[in-house]
file start.txt (compact mmCIF, C-alpha atoms)
# COMPACT_ATOMS: atom_id res chain seq x y z
CA PRO L 1 -8.19 176.13 -46.52
CA ARG L 2 -11.47 175.13 -48.18
CA PRO L 3 -11.61 176.12 -51.85
CA THR L 4 -14.00 178.95 -52.67
CA PRO L 5 -16.79 177.84 -55.04
CA HIS L 6 -17.02 179.61 -58.34
CA PRO L 7 -19.28 182.65 -57.87
CA ARG L 8 -22.10 182.90 -60.34
CA PRO L 9 -22.18 186.10 -62.40
CA HIS L 10 -24.62 188.67 -61.07
CA SER L 11 -26.88 188.31 -64.10
CA LEU L 12 -27.20 184.57 -63.42
CA ARG L 13 -28.38 184.84 -59.83
CA THR L 14 -31.96 185.46 -60.83
CA CYS L 15 -34.22 183.05 -62.64
CA THR L 16 -34.66 185.38 -65.60
CA PRO L 17 -31.45 186.15 -67.57
CA ARG L 18 -30.91 189.83 -68.33
CA TRP L 19 -29.65 189.24 -71.82
CA PRO L 20 -31.91 188.23 -74.74
CA ARG L 21 -31.83 184.48 -75.34
CA ILE L 22 -30.57 184.36 -78.93
CA PRO L 23 -29.90 180.83 -80.24
CA PHE L 24 -26.72 179.94 -82.07
CA THR L 25 -27.31 180.42 -85.80
CA ARG L 26 -25.42 179.45 -88.92
CA SER L 27 -24.50 183.10 -89.52
CA ARG L 28 -22.32 182.80 -86.40
CA ALA L 29 -20.99 179.37 -87.31
CA SER L 30 -17.53 180.79 -87.91
CA MET L 31 -17.34 181.78 -84.23
CA PRO L 32 -16.40 179.10 -81.69
CA PHE L 33 -19.32 178.05 -79.48
CA ARG L 34 -18.25 178.37 -75.84
CA LEU L 35 -19.85 177.07 -72.65
CA THR L 36 -18.86 177.11 -69.01
CA LEU L 37 -20.06 174.10 -67.03
CA HIS L 38 -20.25 173.99 -63.22
CA TYR L 39 -20.74 171.14 -60.77
CA GLU L 40 -21.64 172.44 -57.30
CA GLU L 41 -23.24 169.42 -55.64
CA GLY L 42 -22.15 167.84 -52.37
CA ALA L 43 -18.95 168.88 -50.59
CA SER L 44 -17.47 172.15 -51.75
CA ASP L 45 -14.02 170.58 -52.21
CA LYS L 46 -15.57 168.50 -55.03
CA TYR L 47 -16.87 171.51 -56.95
CA TYR L 48 -15.68 171.66 -60.52
CA GLN L 49 -15.73 174.17 -63.38
CA LEU L 50 -14.98 173.44 -67.01
CA SER L 51 -14.79 176.02 -69.79
CA MET L 52 -15.30 174.44 -73.22
CA LYS L 53 -14.93 175.47 -76.83
CA LEU L 54 -17.22 173.03 -78.60
CA PRO L 55 -16.21 171.31 -81.83
CA LYS L 56 -18.45 172.24 -84.76
CA LYS L 57 -19.92 168.73 -84.89
CA TRP L 58 -21.03 169.00 -81.27
CA VAL L 59 -22.97 172.22 -81.88
CA SER L 60 -25.58 170.40 -83.97
CA GLY L 61 -25.44 167.31 -81.74
CA TYR L 62 -27.16 166.26 -78.53
CA VAL L 63 -26.71 167.82 -75.09
CA SER L 64 -25.72 164.39 -73.79
CA LYS L 65 -22.43 164.66 -75.74
CA VAL L 66 -21.49 167.76 -73.71
CA THR L 67 -22.54 166.29 -70.35
CA ASP L 68 -20.74 162.99 -71.06
CA TYR L 69 -17.52 164.87 -71.78
CA PHE L 70 -17.91 166.88 -68.59
CA VAL L 71 -18.37 163.66 -66.57
CA GLU L 72 -15.28 162.16 -68.19
CA CYS L 73 -13.19 165.20 -67.19
CA TYR L 74 -14.66 165.31 -63.68
CA ASN L 75 -14.09 161.60 -63.03
CA GLY L 76 -10.50 161.97 -64.23
CA LYS L 77 -9.89 164.53 -61.47
CA TYR L 78 -12.12 163.18 -58.67
CA LYS L 79 -11.91 159.41 -59.00
CA ASP L 80 -13.17 158.91 -55.45
CA ASN L 81 -16.38 160.84 -56.25
CA ALA L 82 -17.07 159.58 -59.78
CA LEU L 83 -20.29 160.68 -61.48
CA ASP L 84 -22.62 158.43 -63.45
CA PRO L 85 -23.43 160.10 -66.81
CA LYS L 86 -26.94 158.56 -66.68
CA LYS L 87 -27.67 160.08 -63.28
CA ILE L 88 -26.84 163.73 -63.96
CA HIS L 89 -28.51 166.42 -66.06
CA ALA L 90 -27.86 169.99 -67.21
CA GLU L 91 -29.72 173.12 -66.10
CA ASN L 92 -29.45 176.79 -66.94
CA ALA L 93 -29.13 179.57 -64.36
CA GLY L 94 -32.90 179.81 -64.05
CA GLY L 95 -33.26 176.13 -63.14
CA SER L 96 -34.72 174.95 -66.46
CA LYS L 97 -33.69 171.37 -67.17
CA PHE L 98 -32.44 170.20 -70.56
CA HIS L 99 -33.30 166.87 -72.14
CA ALA L 100 -30.38 164.62 -73.02
CA ASP L 101 -31.48 164.60 -76.67
CA ASP L 102 -31.97 168.37 -77.00
CA ILE L 103 -29.84 169.99 -79.71
CA VAL L 104 -26.93 172.03 -78.31
CA GLU L 105 -27.34 175.09 -80.57
CA VAL L 106 -31.05 175.26 -79.70
CA ALA L 107 -30.82 174.54 -75.97
CA PHE L 108 -27.78 176.67 -75.08
CA ILE L 109 -26.63 180.17 -75.95
CA HIS L 110 -23.08 181.24 -76.68
CA LYS L 111 -20.96 181.75 -73.53
CA GLU L 112 -23.75 180.47 -71.28
CA HIS L 113 -23.06 179.10 -67.78
CA VAL L 114 -24.55 175.62 -67.45
CA TYR L 115 -24.92 173.76 -64.15
CA ILE L 116 -24.60 169.99 -63.82
CA LYS L 117 -27.04 168.59 -61.26
CA ASN L 118 -27.57 165.17 -59.73
CA GLY L 119 -30.55 163.25 -61.06
CA ALA L 120 -31.37 161.61 -64.36
CA PRO L 121 -32.28 163.97 -67.22
CA PRO L 122 -36.03 164.52 -67.80
CA ARG L 123 -37.75 162.45 -70.47
CA ASN L 124 -38.66 164.27 -73.65
CA GLU L 125 -42.20 162.89 -73.77
CA ALA L 126 -43.21 164.92 -76.83
CA LYS L 127 -40.31 163.49 -78.82
CA ARG L 128 -40.96 159.97 -77.54
CA LEU L 129 -44.59 160.24 -78.65
CA GLU L 130 -43.57 161.53 -82.09
CA GLU L 131 -41.08 158.69 -82.50
CA LYS L 132 -43.74 156.20 -81.47
CA GLU L 133 -46.24 157.60 -83.97
CA ASN L 134 -43.66 157.35 -86.77
CA ASP L 135 -42.23 153.97 -85.76
CA PRO L 136 -42.95 151.60 -88.69
CA THR L 137 -42.40 148.53 -86.49
CA LEU L 138 -45.44 149.33 -84.32
CA LEU L 139 -48.88 147.88 -85.13
CA THR L 140 -52.12 149.86 -84.86
CA CYS L 141 -55.03 148.24 -83.02
CA GLN L 142 -58.25 148.23 -85.07
CA ASN L 143 -60.63 147.61 -82.19
CA TYR L 144 -63.36 150.24 -81.83
CA GLY L 145 -62.17 153.13 -79.65
CA CYS L 146 -58.57 151.89 -79.29
CA GLN L 147 -56.16 152.82 -82.13
CA TYR L 148 -53.24 152.09 -79.78
CA ARG L 149 -49.76 151.54 -81.26
CA TYR L 150 -48.27 148.29 -79.91
CA ARG L 151 -45.81 145.49 -80.47
CA GLU L 152 -47.04 141.91 -80.76
CA GLU L 153 -44.69 140.70 -78.01
CA ASP L 154 -46.39 143.13 -75.60
CA ASN L 155 -49.90 141.96 -76.55
CA ASP L 156 -51.98 139.74 -74.24
CA ALA L 157 -55.58 138.82 -73.45
CA LYS L 158 -56.11 141.87 -71.21
CA ALA L 159 -54.13 144.47 -73.17
CA CYS L 160 -57.03 146.28 -74.86
CA TRP L 161 -60.17 147.91 -73.47
CA HIS L 162 -62.40 148.71 -76.45
CA HIS L 163 -66.01 148.93 -77.64
CA LYS L 164 -67.98 145.99 -78.97
CA LYS L 165 -69.91 148.03 -81.55
CA GLY L 166 -69.03 150.94 -83.81
CA PRO L 167 -69.65 154.69 -83.50
CA VAL L 168 -72.93 156.46 -84.22
CA PHE L 169 -73.12 160.12 -85.32
CA TRP L 170 -76.65 161.48 -85.26
CA ASN L 171 -78.12 164.97 -84.74
CA GLY L 172 -74.85 166.27 -83.31
CA TYR L 173 -74.50 163.35 -80.91
CA LYS L 174 -71.50 161.05 -80.94
CA TYR L 175 -71.68 157.73 -79.11
CA TRP L 176 -70.78 154.04 -79.34
CA ALA L 177 -73.62 151.73 -80.35
CA CYS L 178 -72.83 149.43 -77.43
CA CYS L 179 -72.79 152.34 -74.92
CA SER L 180 -75.72 154.49 -76.07
CA ASP L 181 -76.11 155.96 -72.57
CA ARG L 182 -72.73 157.73 -72.88
CA LYS L 183 -73.50 160.35 -75.55
CA ALA L 184 -71.22 163.33 -76.24
CA TYR L 185 -71.13 166.38 -78.49
CA ASP L 186 -67.39 167.04 -78.37
CA TRP L 187 -65.03 164.69 -80.23
CA ASN L 188 -62.48 164.58 -77.40
CA ASP L 189 -65.20 163.67 -74.88
CA PHE L 190 -66.44 161.01 -77.27
CA MET L 191 -62.97 159.44 -77.57
CA LYS L 192 -62.60 159.44 -73.77
CA VAL L 193 -65.59 157.14 -73.25
CA PRO L 194 -63.98 154.02 -71.70
CA GLY L 195 -64.25 150.70 -73.50
CA CYS L 196 -66.83 148.17 -72.35
CA VAL L 197 -65.02 144.91 -73.24
CA CYS L 198 -61.47 143.68 -72.66
CA GLY L 199 -59.36 141.57 -74.97
CA PRO L 200 -56.14 141.49 -77.02
CA HIS L 201 -55.10 144.14 -79.54
CA THR L 202 -55.73 143.18 -83.16
CA THR L 203 -54.91 144.49 -86.63
CA GLU L 204 -58.10 143.02 -88.13
CA LYS L 205 -61.11 145.28 -88.48
CA PRO L 206 -64.19 144.07 -86.55
CA LYS L 207 -66.57 141.81 -88.48
CA GLY L 208 -70.25 141.28 -87.90
CA ALA L 209 -70.59 144.57 -86.03
CA GLU L 210 -71.67 146.78 -88.92
CA LEU L 211 -72.64 150.31 -87.96
CA ILE L 212 -76.37 150.91 -88.43
CA SER L 213 -76.99 154.60 -87.78
CA PRO L 214 -80.09 156.60 -88.75
CA THR L 215 -78.07 158.23 -91.53
CA ILE L 216 -77.19 154.88 -93.09
CA ILE L 217 -80.78 153.68 -92.77
CA ALA L 218 -82.02 156.80 -94.60
CA ALA L 219 -79.37 156.34 -97.32
CA ARG L 220 -80.44 152.73 -97.86
CA GLN L 221 -84.10 153.72 -98.06
CA ALA L 222 -83.24 156.36 -100.66
CA GLU L 223 -81.29 153.76 -102.64
CA ALA L 224 -84.25 151.35 -102.55
CA GLU L 225 -86.62 154.09 -103.70
CA GLU L 226 -84.28 154.97 -106.55
CA THR L 227 -84.24 151.32 -107.64
CA ALA L 228 -88.03 151.18 -107.53
CA ARG L 229 -88.32 154.34 -109.63
CA ALA L 230 -85.92 152.91 -112.21
CA SER L 231 -88.23 149.91 -112.73
CA VAL L 232 -91.23 152.14 -113.65
CA PRO L 233 -91.73 152.58 -117.43
CA LYS L 234 -90.45 155.96 -118.58
CA LEU L 235 -92.60 158.45 -120.46
CA ASN L 236 -91.23 159.54 -123.81
CA ASP L 237 -92.93 162.93 -123.81
CA ILE L 238 -91.81 165.16 -120.94
CA ASN L 239 -94.88 167.36 -121.41
CA ASN L 240 -97.22 164.41 -120.87
CA TYR L 241 -95.20 163.46 -117.80
CA THR L 242 -95.49 166.98 -116.39
CA GLU L 243 -99.25 167.21 -117.08
CA LYS L 244 -99.87 163.82 -115.51
CA THR L 245 -97.83 164.69 -112.43
CA MET L 246 -99.52 168.06 -111.92
CA ALA L 247 -102.97 166.57 -112.43
CA SER L 248 -102.39 163.86 -109.83
CA LYS L 249 -100.91 166.27 -107.32
CA PRO L 250 -103.53 167.81 -105.01
CA LYS L 251 -103.57 171.56 -104.80
CA PRO L 252 -102.32 172.89 -101.46
CA LYS L 253 -105.01 174.29 -99.21
CA PRO L 254 -104.54 177.97 -98.37
CA LYS L 255 -103.45 178.58 -94.82
CA PRO L 256 -106.31 180.06 -92.82
CA LYS L 257 -105.69 183.64 -91.79
CA GLU L 258 -105.50 184.20 -88.06
CA VAL L 259 -108.41 186.10 -86.63
CA LEU L 260 -107.12 188.64 -84.12
CA PRO L 261 -109.10 190.61 -81.56
CA ASP L 262 -109.87 194.23 -82.43
CA GLY L 263 -106.97 196.57 -81.66
CA CYS L 264 -104.44 193.70 -81.49
CA ALA L 265 -101.66 192.45 -83.77
CA ARG L 266 -99.14 189.61 -83.91
CA CYS L 267 -95.44 190.57 -83.56
CA VAL L 268 -93.25 189.19 -86.36
CA HIS L 269 -89.92 189.60 -84.54
CA GLN L 270 -87.78 186.48 -84.11
CA SER L 271 -88.23 184.81 -80.71
CA CYS L 272 -91.19 187.10 -79.88
CA LYS L 273 -94.33 186.31 -81.97
CA LYS L 274 -96.51 187.69 -79.17
CA LEU L 275 -100.04 189.03 -79.48
CA TYR L 276 -100.04 192.67 -78.39
CA GLU L 277 -102.36 195.65 -78.10
CA ILE L 278 -101.48 198.27 -80.69
CA ALA L 279 -102.43 201.17 -78.40
CA LYS L 280 -100.09 199.93 -75.64
CA ASN L 281 -97.08 199.37 -77.92
CA HIS L 282 -93.99 201.34 -76.83
CA GLU L 283 -90.21 201.50 -77.42
CA LYS L 284 -89.42 198.86 -74.74
CA ALA L 285 -92.36 196.53 -75.28
CA CYS L 286 -90.54 193.86 -77.33
CA LYS L 287 -87.40 191.85 -76.55
CA TYR L 288 -86.24 189.92 -79.60
CA HIS L 289 -83.34 188.73 -81.75
CA SER L 290 -82.49 190.82 -84.81
CA GLY L 291 -81.00 187.85 -86.65
CA HIS L 292 -82.32 184.40 -87.47
CA ALA L 293 -82.02 181.02 -85.83
CA VAL L 294 -79.17 178.79 -87.05
CA PHE L 295 -79.22 175.00 -86.73
CA HIS L 296 -75.96 173.39 -87.85
CA ASP L 297 -74.44 170.01 -86.97
CA GLY L 298 -76.69 169.74 -83.93
CA ALA L 299 -75.73 173.19 -82.63
CA LYS L 300 -78.40 175.88 -82.14
CA TYR L 301 -77.71 179.62 -81.95
CA TRP L 302 -78.85 183.04 -83.22
CA SER L 303 -76.94 184.67 -86.08
CA CYS L 304 -77.08 188.07 -84.37
CA CYS L 305 -75.39 186.82 -81.20
CA THR L 306 -71.86 185.54 -80.72
CA GLU L 307 -71.20 181.91 -81.49
CA ASN L 308 -70.01 181.52 -77.89
CA ARG L 309 -73.71 181.18 -77.12
CA LYS L 310 -74.05 177.96 -79.10
CA THR L 311 -76.04 175.24 -77.41
CA TYR L 312 -77.18 171.74 -78.25
CA ASP L 313 -80.22 171.67 -75.99
CA TRP L 314 -83.51 173.17 -77.22
CA ASP L 315 -84.57 174.51 -73.82
CA ALA L 316 -81.19 176.21 -73.37
CA PHE L 317 -81.52 177.67 -76.89
CA GLU L 318 -84.92 179.15 -76.00
CA LYS L 319 -83.41 180.76 -72.88
CA ILE L 320 -80.63 182.64 -74.71
CA PRO L 321 -81.09 186.33 -73.71
CA LYS L 322 -82.53 188.58 -76.43
CA CYS L 323 -80.12 191.10 -77.92
CA CYS L 324 -82.59 193.85 -78.98
CA ILE L 325 -85.34 195.91 -77.30
CA GLY L 326 -87.88 197.98 -79.23
CA TYR L 327 -91.44 198.26 -80.51
CA HIS L 328 -93.57 195.27 -81.46
CA TRP L 329 -94.11 195.11 -85.23
CA ASP L 330 -96.74 193.21 -87.19
CA GLY L 331 -94.80 193.38 -90.47
CA SER L 332 -96.95 196.05 -92.13
CA GLY L 333 -95.58 199.43 -93.08
CA SER L 334 -92.06 200.48 -92.13
CA ASN L 335 -90.14 198.89 -89.26
CA PRO L 336 -90.51 201.09 -86.15
CA ASN L 337 -87.09 199.89 -84.99
CA PRO L 338 -84.66 201.24 -87.64
CA GLY L 339 -81.23 199.63 -87.61
CA LYS L 340 -82.35 196.73 -85.41
call {"tool": "encode", "arguments": {"input": "start.txt", "output": "structure tokens"}}
result
Amino acid sequence: PRPTPHPRPHSLRTCTPRWPRIPFTRSRASMPFRLTLHYEEGASDKYYQLSMKLPKKWVSGYVSKVTDYFVECYNGKYKDNALDPKKIHAENAGGSKFHADDIVEVAFIHKEHVYIKNGAPPRNEAKRLEEKENDPTLLTCQNYGCQYRYREEDNDAKACWHHKKGPVFWNGYKYWACCSDRKAYDWNDFMKVPGCVCGPHTTEKPKGAELISPTIIAARQAEAEETARASVPKLNDINNYTEKTMASKPKPKPKPKEVLPDGCARCVHQSCKKLYEIAKNHEKACKYHSGHAVFHDGAKYWSCCTENRKTYDWDAFEKIPKCCIGYHWDGSGSNPNPGK
């Protein structure tokens, strides 16, 4: 008669276990860590079940230690159907796969049923990336826009796509000086701009491609002006210096007052500033922002509205819907819109 495969417990037949998934902790270290492993691939007469009480050293070790031991036991019983430890992986009852380098006490729970499946274990890409970032034997490419970690034996003439000139940061824009038509506001979008030249990776910083941005130009002009001021003879008496400066400085002309038609006034509300007839003013005449305009790092928004309405384009900023409705106000007397 054909052997009956091991029936899964009722709580394991669904993808979501009914018990809380509590990892093995040091407070339970005195208890033996038990697992039941099943192999139910292929012919049913080759099914295999192994109940294990893990040694303490294995609990803090890799999952691959458990699966390798299972394969050793299975191959000892079914030599004609031997398993390759590199071509099998472990799954829980819900079908979640475990990496070979996962830690046993984190991946499994005490008395859990684990199923051995055909197929190589999945790659732990997050761990591979972390190891690569911390690998001291890897070199970092210094080409503009690359920063790739590489080994010299893997380097060649077509290994690196990078930018010929350095980055420019101006008025909220971020772009490469050699690709000025590919401007971005977001840093991630800026770093995704593909390189324009191909060549080998290098650990030497680019020479002869100095970044000349408007900010650097302004800083150099300020430095030159400071040098010029330092060469001017200094006045010993600060009072004489003040009098001479004030005398040479022209007095500002008063701003001419706007002449308005009779019965009209100019609204002082932010984003309104309209000319209106006083007699026709009413409680829904004016749509405006109660806060003030904010310009920061290239972004434009109103302080009274949520920052989700930030924009970098002036036309889009002008089109942001007003948040308040009320009377027009020319700034004289009390505000007819209290609390707004």
call {"tool": "closest_residue", "arguments": {"input": "start.txt", "among": "L:Cys178, L:Ile109, L:Cys141, L:Ala100", "to": "L:Lys205", "atoms": "only C-alpha atoms"}}
result
L:Cys141
call {"tool": "atom_distance", "arguments": {"input": "start.txt", "atom1": "atom CA of L:Trp176", "atom2": "atom CA of L:Gln221"}}
result
23.0 Å
call {"tool": "closest_residue", "arguments": {"input": "start.txt", "among": "L:Ala82, L:Leu35, L:Ala157, L:Ile325", "to": "L:Glu283", "atoms": "all atoms listed in the file"}}
result
L:Ile325
call {"tool": "atom_distance", "arguments": {"input": "start.txt", "atom1": "atom CA of L:Pro206", "atom2": "atom CA of L:Leu139"}}
result
15.8 Å
call {"tool": "atom_distance", "arguments": {"input": "start.txt", "atom1": "atom CA of L:Gly298", "atom2": "atom CA of L:Tyr173"}}
result
7.4 Å
call {"tool": "residues_around", "arguments": {"input": "start.txt", "residues": "L:Cys198", "least_positions_apart": "5", "cutoff": "12 Å", "atoms": "all atoms listed in the file", "output": "PyMOL selection string"}}
result
chain L and resi 143-146+156-164
call {"tool": "closest_residue", "arguments": {"input": "start.txt", "among": "L:Arg266, L:Lys319, L:His328, L:Lys249", "to": "L:Lys284", "atoms": "only C-alpha atoms"}}
result
L:His328
call {"tool": "residues_around", "arguments": {"input": "start.txt", "residues": "L:Arg34", "least_positions_apart": "4", "cutoff": "7 Å", "atoms": "only C-alpha atoms", "output": "list in words"}}
result
Met52, Lys53, Leu54, His110 and Lys111 of chain L
call {"tool": "closest_residue", "arguments": {"input": "start.txt", "among": "L:Thr311, L:Ser271, L:Thr137, L:Ser290", "to": "L:Asn337", "atoms": "all atoms listed in the file"}}
result
L:Ser290
call {"tool": "closest_residue", "arguments": {"input": "start.txt", "among": "L:Lys46, L:Lys253, L:Lys57, L:Lys300", "to": "L:Phe33", "atoms": "only C-alpha atoms"}}
result
L:Lys57
call {"tool": "residues_around", "arguments": {"input": "start.txt", "residues": "L:Lys117", "least_positions_apart": "3", "cutoff": "10 Å", "atoms": "only C-alpha atoms", "output": "number ranges by chain"}}
result
L: 38-41, 87-91, 95, 97, 114, 120-121
call {"tool": "closest_residue", "arguments": {"input": "start.txt", "among": "L:Tyr47, L:His201, L:Val193, L:Lys274", "to": "L:Asn75", "atoms": "all atoms listed in the file"}}
result
L:Tyr47
call {"tool": "residues_around", "arguments": {"input": "start.txt", "residues": "stretch 181-185 of chain L", "least_positions_apart": "3", "cutoff": "12 Å", "atoms": "all atoms listed in the file", "output": "JSON, numbers by chain"}}
result
{"L": [167, 168, 169, 170, 171, 172, 173, 174, 175, 176, 177, 178, 188, 189, 190, 191, 192, 193, 194, 195, 196, 297, 298, 299, 310, 311, 312, 313]}
call {"tool": "write_last_selection", "arguments": {"input": "start.txt", "atoms": "C-alpha atoms", "output": "PDB file, keeping the file's coordinate frame"}}
result
ATOM      1  CA  PRO L 167     -69.650 154.690 -83.500  1.00  0.00           C
ATOM      2  CA  VAL L 168     -72.930 156.460 -84.220  1.00  0.00           C
ATOM      3  CA  PHE L 169     -73.120 160.120 -85.320  1.00  0.00           C
ATOM      4  CA  TRP L 170     -76.650 161.480 -85.260  1.00  0.00           C
ATOM      5  CA  ASN L 171     -78.120 164.970 -84.740  1.00  0.00           C
ATOM      6  CA  GLY L 172     -74.850 166.270 -83.310  1.00  0.00           C
ATOM      7  CA  TYR L 173     -74.500 163.350 -80.910  1.00  0.00           C
ATOM      8  CA  LYS L 174     -71.500 161.050 -80.940  1.00  0.00           C
ATOM      9  CA  TYR L 175     -71.680 157.730 -79.110  1.00  0.00           C
ATOM     10  CA  TRP L 176     -70.780 154.040 -79.340  1.00  0.00           C
ATOM     11  CA  ALA L 177     -73.620 151.730 -80.350  1.00  0.00           C
ATOM     12  CA  CYS L 178     -72.830 149.430 -77.430  1.00  0.00           C
ATOM     13  CA  ASN L 188     -62.480 164.580 -77.400  1.00  0.00           C
ATOM     14  CA  ASP L 189     -65.200 163.670 -74.880  1.00  0.00           C
ATOM     15  CA  PHE L 190     -66.440 161.010 -77.270  1.00  0.00           C
ATOM     16  CA  MET L 191     -62.970 159.440 -77.570  1.00  0.00           C
ATOM     17  CA  LYS L 192     -62.600 159.440 -73.770  1.00  0.00           C
ATOM     18  CA  VAL L 193     -65.590 157.140 -73.250  1.00  0.00           C
ATOM     19  CA  PRO L 194     -63.980 154.020 -71.700  1.00  0.00           C
ATOM     20  CA  GLY L 195     -64.250 150.700 -73.500  1.00  0.00           C
ATOM     21  CA  CYS L 196     -66.830 148.170 -72.350  1.00  0.00           C
ATOM     22  CA  ASP L 297     -74.440 170.010 -86.970  1.00  0.00           C
ATOM     23  CA  GLY L 298     -76.690 169.740 -83.930  1.00  0.00           C
ATOM     24  CA  ALA L 299     -75.730 173.190 -82.630  1.00  0.00           C
ATOM     25  CA  LYS L 310     -74.050 177.960 -79.100  1.00  0.00           C
ATOM     26  CA  THR L 311     -76.040 175.240 -77.410  1.00  0.00           C
ATOM     27  CA  TYR L 312     -77.180 171.740 -78.250  1.00  0.00           C
ATOM     28  CA  ASP L 313     -80.220 171.670 -75.990  1.00  0.00           C
TER      29      ASP L 313
END
call {"tool": "residues_around", "arguments": {"input": "start.txt", "residues": "L:Cys286", "least_positions_apart": "2", "cutoff": "10 Å", "atoms": "only C-alpha atoms", "output": "PyMOL selection string"}}
result
chain L and resi 267+269+271-274+276+281-284+288-289+322+324-329
call {"tool": "decode", "arguments": {"input": "start.txt", "residues": "stretch 76-82 of chain L", "atoms": "all heavy atoms", "output": "compact mmCIF listing (two decimals), in the first residue's frame"}}
result
# COMPACT_ATOMS: atom_id res chain seq x y z
N GLY L 76 20.38 9.81 3.31
CA GLY L 76 20.75 8.56 3.93
C GLY L 76 19.65 7.51 3.81
O GLY L 76 19.92 6.31 3.80
N LYS L 77 18.39 7.98 3.71
CA LYS L 77 17.27 7.03 3.62
C LYS L 77 16.87 6.77 2.16
O LYS L 77 16.54 5.64 1.80
CB LYS L 77 16.07 7.59 4.40
CG LYS L 77 14.88 6.65 4.44
CD LYS L 77 13.78 7.17 5.34
CE LYS L 77 12.61 6.17 5.41
NZ LYS L 77 11.53 6.65 6.32
N TYR L 78 16.90 7.80 1.33
CA TYR L 78 16.49 7.67 -0.07
C TYR L 78 17.69 7.98 -0.96
O TYR L 78 17.78 9.07 -1.56
CB TYR L 78 15.32 8.61 -0.39
CG TYR L 78 14.09 8.37 0.43
CD1 TYR L 78 13.74 9.23 1.47
CD2 TYR L 78 13.25 7.29 0.17
CE1 TYR L 78 12.61 9.02 2.23
CE2 TYR L 78 12.11 7.07 0.93
CZ TYR L 78 11.79 7.93 1.96
OH TYR L 78 10.66 7.71 2.72
N LYS L 79 18.60 7.05 -1.06
CA LYS L 79 19.82 7.27 -1.84
C LYS L 79 19.52 7.37 -3.33
O LYS L 79 20.28 8.00 -4.08
CB LYS L 79 20.81 6.14 -1.57
CG LYS L 79 21.29 6.09 -0.12
CD LYS L 79 22.27 4.96 0.09
CE LYS L 79 22.75 4.91 1.54
NZ LYS L 79 23.71 3.81 1.78
N ASP L 80 18.45 6.73 -3.78
CA ASP L 80 18.11 6.78 -5.20
C ASP L 80 17.39 8.08 -5.58
O ASP L 80 17.12 8.32 -6.76
CB ASP L 80 17.23 5.59 -5.57
CG ASP L 80 15.94 5.54 -4.73
OD1 ASP L 80 15.97 6.10 -3.61
OD2 ASP L 80 14.95 4.97 -5.20
N ASN L 81 17.06 8.91 -4.61
CA ASN L 81 16.37 10.18 -4.87
C ASN L 81 17.05 11.31 -4.09
O ASN L 81 16.41 12.12 -3.42
CB ASN L 81 14.89 10.07 -4.48
CG ASN L 81 14.07 11.26 -4.96
OD1 ASN L 81 14.24 11.69 -6.09
ND2 ASN L 81 13.21 11.78 -4.10
N ALA L 82 18.39 11.32 -4.15
CA ALA L 82 19.18 12.24 -3.32
C ALA L 82 18.87 13.69 -3.68
O ALA L 82 18.66 14.05 -4.84
CB ALA L 82 20.67 11.96 -3.52
